[in-house]
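Trainee: Have a look at this one.
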Amino acid sequence: MACLSPSQLQKFQEDGFLVLEGFLSADECVTMQERIGKIVAKMDVPLHCRTVFPPGLEGQFQGQGSTEYFLSSGDKIRFFFEKDVFDTEGNFLVPPEKSINKIGHALHALDPVFKSVTYSPKIQALGRSLGLQMPVVVQSMYIFKQPHFGGEVTPHQDATYLYTEPLGRLLGVWIALEDASLENGCLWFIPGSHTSGVSRRMVLDPASSATGTSFLGSDPAWENSLFVPTPVQRGALILLHGQVVHKSEQNLSDRSRHAYTFHLMEASGTIWSPENWLQPTAELPFPPLYT
């Protein structure tokens, strides 16, 4: 079982992230990759729903938020694409399986393979060892980080987009399904940055006709020298505090960097902001990790 030691808990509390190498076996990783391959093979995305990610995280959320396809994806399995993979009429310029940035945001609830991983005894034991009383799963994503043009993700805090009151109730779980190296875009963190609150929030804003969202506040100019690279091997799990500042560089290598990630919220005594872009629905309330 995936119980954390006192020293691991202390390191997570100090740094805001924690690496657990070998959390999944190679066979478990292959099973998830094979399943996503079958999902992609059956992908049928209408032309008007082919949402493209401009470079950088800011551009990604502008591109996502500009369509109802993204804003209503919290209880569905939908496809989001890299920049420059469509022609002017929305036709693929590269093979579809090489064009996808990510798939989100309800794999954890709607697909049996990803559901079995998300609610596995190992993940449940991890949640209990972190002291989570009533954790719920709020979203999930499969990230491709395609060879040669997998986009940069600029420095950010997950709680900017998934805000809770009080703060500190959001936890990211990031699982490497392939080796994540400096060359293909591993994660980078500013250790200890989770203790400084949230500098910016993305909120629903119907008055913003271009995106349907807007931002409150602004991020500081985080010093690049503060970031620590975190290369990991296939099967590693990285825990992320919702406020830790992190990023990843563009993948310029010839190897992809597949990852499965999802977010947990401690529901006990927590308010999920009604201004968040992602909201539970009658069809899919946030499901509990365990009871």
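The way I read the labels, and the way they are meant: chains A, B, ... in the order of the structure tokens, residue 1 as the first residue of every chain, and ligand 1 as the first ligand shown, with later ones counted on from there.
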Which polymer residues have any atom within 12 Å of an atom of region 267-269 of chain A, counting only C-alpha atoms, with same-chain residues fewer than 5 positions away left out, as a ChimeraX atom specification?
Mentor: /A:131-138,164-171,286-291
Trainee: Would you give me, as a PyMOL selection string, the residues in region 91-239 of chain A that DSSP reads as helix (DSSP H, G or I)?
Mentor: chain A and resi 96-98+107-110+112-118+121-129+158-160+193-195+224-226
Trainee: Print the selection's residues with N, CA, C and O atoms to a file, as a tab-separated table (two decimals), in the first residue's frame.
Mentor:
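Once everything was written out, this is again32.tsv:
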```tsv
chain	number	residue	atom	x	y	z
A	96	PRO	N	-4.00	12.46	-36.42
A	96	PRO	CA	-4.78	12.88	-35.25
A	96	PRO	C	-4.14	12.49	-33.92
A	96	PRO	O	-4.16	13.28	-32.97
A	97	GLU	N	-3.55	11.28	-33.86
A	97	GLU	CA	-2.97	10.84	-32.60
A	97	GLU	C	-1.74	11.66	-32.20
A	97	GLU	O	-1.32	11.63	-31.04
A	98	LYS	N	-1.15	12.39	-33.16
A	98	LYS	CA	0.00	13.25	-32.88
A	98	LYS	C	-0.41	14.71	-32.65
A	98	LYS	O	0.45	15.55	-32.38
A	107	LEU	N	-12.23	11.50	-17.28
A	107	LEU	CA	-11.77	10.12	-17.48
A	107	LEU	C	-11.93	9.30	-16.21
A	107	LEU	O	-12.24	8.11	-16.25
A	108	HIS	N	-11.73	9.94	-15.07
A	108	HIS	CA	-11.78	9.24	-13.78
A	108	HIS	C	-13.16	8.67	-13.48
A	108	HIS	O	-13.27	7.71	-12.70
A	109	ALA	N	-14.19	9.24	-14.07
A	109	ALA	CA	-15.56	8.82	-13.78
A	109	ALA	C	-16.19	8.02	-14.90
A	109	ALA	O	-17.06	7.17	-14.64
A	110	LEU	N	-15.77	8.27	-16.14
A	110	LEU	CA	-16.49	7.71	-17.29
A	110	LEU	C	-15.76	6.58	-18.00
A	110	LEU	O	-16.38	5.88	-18.80
A	112	PRO	N	-13.59	3.01	-17.59
A	112	PRO	CA	-13.31	2.00	-16.55
A	112	PRO	C	-11.84	1.84	-16.22
A	112	PRO	O	-11.49	1.59	-15.06
A	113	VAL	N	-10.95	1.97	-17.21
A	113	VAL	CA	-9.52	1.80	-16.93
A	113	VAL	C	-9.02	2.93	-16.05
A	113	VAL	O	-8.33	2.70	-15.03
A	114	PHE	N	-9.34	4.16	-16.40
A	114	PHE	CA	-8.86	5.30	-15.62
A	114	PHE	C	-9.58	5.40	-14.27
A	114	PHE	O	-8.99	5.85	-13.29
A	115	LYS	N	-10.81	4.96	-14.24
A	115	LYS	CA	-11.54	4.92	-12.97
A	115	LYS	C	-10.87	3.94	-12.01
A	115	LYS	O	-10.71	4.23	-10.81
A	116	SER	N	-10.44	2.79	-12.53
A	116	SER	CA	-9.82	1.78	-11.66
A	116	SER	C	-8.50	2.27	-11.08
A	116	SER	O	-8.15	1.94	-9.94
A	117	VAL	N	-7.76	3.07	-11.85
A	117	VAL	CA	-6.50	3.63	-11.34
A	117	VAL	C	-6.78	4.72	-10.31
A	117	VAL	O	-6.19	4.76	-9.23
A	118	THR	N	-7.70	5.63	-10.63
A	118	THR	CA	-7.99	6.76	-9.76
A	118	THR	C	-8.50	6.31	-8.40
A	118	THR	O	-8.13	6.90	-7.37
A	121	PRO	N	-6.82	0.90	-4.55
A	121	PRO	CA	-6.42	0.86	-3.13
A	121	PRO	C	-5.15	1.66	-2.84
A	121	PRO	O	-5.03	2.25	-1.77
A	122	LYS	N	-4.23	1.70	-3.80
A	122	LYS	CA	-2.99	2.46	-3.59
A	122	LYS	C	-3.27	3.95	-3.47
A	122	LYS	O	-2.70	4.64	-2.61
A	123	ILE	N	-4.13	4.48	-4.34
A	123	ILE	CA	-4.47	5.91	-4.27
A	123	ILE	C	-5.27	6.19	-3.01
A	123	ILE	O	-5.06	7.22	-2.33
A	124	GLN	N	-6.19	5.31	-2.65
A	124	GLN	CA	-6.96	5.51	-1.44
A	124	GLN	C	-6.07	5.51	-0.20
A	124	GLN	O	-6.24	6.34	0.70
A	125	ALA	N	-5.10	4.60	-0.17
A	125	ALA	CA	-4.17	4.55	0.96
A	125	ALA	C	-3.34	5.82	1.02
A	125	ALA	O	-3.04	6.34	2.11
A	126	LEU	N	-2.98	6.34	-0.14
A	126	LEU	CA	-2.22	7.59	-0.20
A	126	LEU	C	-3.03	8.74	0.39
A	126	LEU	O	-2.52	9.55	1.18
A	127	GLY	N	-4.31	8.81	0.01
A	127	GLY	CA	-5.17	9.85	0.55
A	127	GLY	C	-5.31	9.76	2.07
A	127	GLY	O	-5.25	10.77	2.77
A	128	ARG	N	-5.47	8.55	2.57
A	128	ARG	CA	-5.61	8.37	4.02
A	128	ARG	C	-4.32	8.74	4.75
A	128	ARG	O	-4.36	9.33	5.83
A	129	SER	N	-3.17	8.40	4.16
A	129	SER	CA	-1.91	8.72	4.82
A	129	SER	C	-1.64	10.22	4.83
A	129	SER	O	-0.87	10.71	5.64
A	158	ASP	N	-2.14	25.55	-9.46
A	158	ASP	CA	-3.40	24.90	-9.84
A	158	ASP	C	-4.60	25.57	-9.18
A	158	ASP	O	-5.69	25.61	-9.76
A	159	ALA	N	-4.42	26.10	-7.98
A	159	ALA	CA	-5.53	26.74	-7.28
A	159	ALA	C	-5.99	28.02	-7.95
A	159	ALA	O	-7.07	28.54	-7.64
A	160	THR	N	-5.21	28.55	-8.89
A	160	THR	CA	-5.67	29.68	-9.70
A	160	THR	C	-6.93	29.29	-10.46
A	160	THR	O	-7.84	30.11	-10.64
A	193	SER	N	6.87	27.21	-2.36
A	193	SER	CA	6.04	28.30	-2.89
A	193	SER	C	4.57	28.14	-2.56
A	193	SER	O	3.78	29.07	-2.78
A	194	HIS	N	4.18	26.99	-2.01
A	194	HIS	CA	2.77	26.76	-1.67
A	194	HIS	C	2.34	27.52	-0.42
A	194	HIS	O	1.15	27.53	-0.08
A	195	THR	N	3.29	28.15	0.26
A	195	THR	CA	2.97	28.84	1.53
A	195	THR	C	2.61	30.30	1.35
A	195	THR	O	2.35	31.00	2.33
A	224	ASN	N	13.31	32.60	-12.48
A	224	ASN	CA	13.58	31.31	-13.12
A	224	ASN	C	14.57	30.48	-12.33
A	224	ASN	O	14.50	29.25	-12.31
A	225	SER	N	15.49	31.15	-11.63
A	225	SER	CA	16.52	30.43	-10.88
A	225	SER	C	15.96	29.68	-9.68
A	225	SER	O	16.63	28.80	-9.12
A	226	LEU	N	14.71	29.99	-9.27
A	226	LEU	CA	14.10	29.32	-8.12
A	226	LEU	C	13.54	27.94	-8.48
A	226	LEU	O	13.30	27.12	-7.60
```
Trainee: Skipping near chain neighbours, those fewer than 3 positions away, what residues fall within 9 Å of Cys29 (chain A) using only C-alpha atoms, listed as a PDB file with N, CA and C atoms, in the first residue's frame?
Mentor:
```pdb
ATOM      1  N   LEU A  24       3.405   3.091  -9.961  1.00  0.00           N
ATOM      2  CA  LEU A  24       2.750   2.145 -10.866  1.00  0.00           C
ATOM      3  C   LEU A  24       3.803   1.279 -11.536  1.00  0.00           C
ATOM      4  N   SER A  25       3.411   0.065 -11.887  1.00  0.00           N
ATOM      5  CA  SER A  25       4.306  -0.823 -12.627  1.00  0.00           C
ATOM      6  C   SER A  25       4.293  -0.448 -14.107  1.00  0.00           C
ATOM      7  N   ALA A  26       5.275  -0.954 -14.840  1.00  0.00           N
ATOM      8  CA  ALA A  26       5.310  -0.715 -16.285  1.00  0.00           C
ATOM      9  C   ALA A  26       4.054  -1.264 -16.939  1.00  0.00           C
ATOM     10  N   MET A  32      -2.854   1.774 -19.394  1.00  0.00           N
ATOM     11  CA  MET A  32      -3.465   3.097 -19.552  1.00  0.00           C
ATOM     12  C   MET A  32      -3.161   3.682 -20.926  1.00  0.00           C
ATOM     13  N   GLN A  33      -1.940   3.493 -21.413  1.00  0.00           N
ATOM     14  CA  GLN A  33      -1.585   4.004 -22.736  1.00  0.00           C
ATOM     15  C   GLN A  33      -2.366   3.278 -23.832  1.00  0.00           C
ATOM     16  N   GLU A  34      -2.527   1.978 -23.689  1.00  0.00           N
ATOM     17  CA  GLU A  34      -3.301   1.231 -24.686  1.00  0.00           C
ATOM     18  C   GLU A  34      -4.755   1.675 -24.679  1.00  0.00           C
ATOM     19  N   ALA A 176       3.504   9.702 -14.160  1.00  0.00           N
ATOM     20  CA  ALA A 176       4.273   9.603 -15.399  1.00  0.00           C
ATOM     21  C   ALA A 176       4.034   8.239 -16.047  1.00  0.00           C
ATOM     22  N   LEU A 177       3.470   8.248 -17.240  1.00  0.00           N
ATOM     23  CA  LEU A 177       3.262   7.001 -17.977  1.00  0.00           C
ATOM     24  C   LEU A 177       4.416   6.718 -18.923  1.00  0.00           C
ATOM     25  N   GLU A 178       5.304   7.697 -19.079  1.00  0.00           N
ATOM     26  CA  GLU A 178       6.567   7.547 -19.782  1.00  0.00           C
ATOM     27  C   GLU A 178       7.621   8.320 -18.992  1.00  0.00           C
ATOM     28  N   ARG A 234       9.154   6.335 -15.650  1.00  0.00           N
ATOM     29  CA  ARG A 234       7.805   5.811 -15.890  1.00  0.00           C
ATOM     30  C   ARG A 234       7.273   5.132 -14.633  1.00  0.00           C
ATOM     31  N   GLY A 235       6.017   5.431 -14.296  1.00  0.00           N
ATOM     32  CA  GLY A 235       5.386   4.853 -13.119  1.00  0.00           C
ATOM     33  C   GLY A 235       5.493   5.699 -11.877  1.00  0.00           C
TER      34      GLY A 235
END
```
Trainee: Record the distance separating CA of Val245 (chain A) and CA of Thr230 (chain A), expressed in Å with one decimal.
Mentor: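 For CA of Val245 (chain A) relative to CA of Thr230 (chain A), the distance reads 13.0 Å.
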Trainee: For the atom pair CA of Glu28 (chain A) and CA of His258 (chain A), what is the interatomic distance in Å to one decimal place?
Mentor: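 Going from CA of Glu28 (chain A) over to CA of His258 (chain A), I get 13.3 Å.
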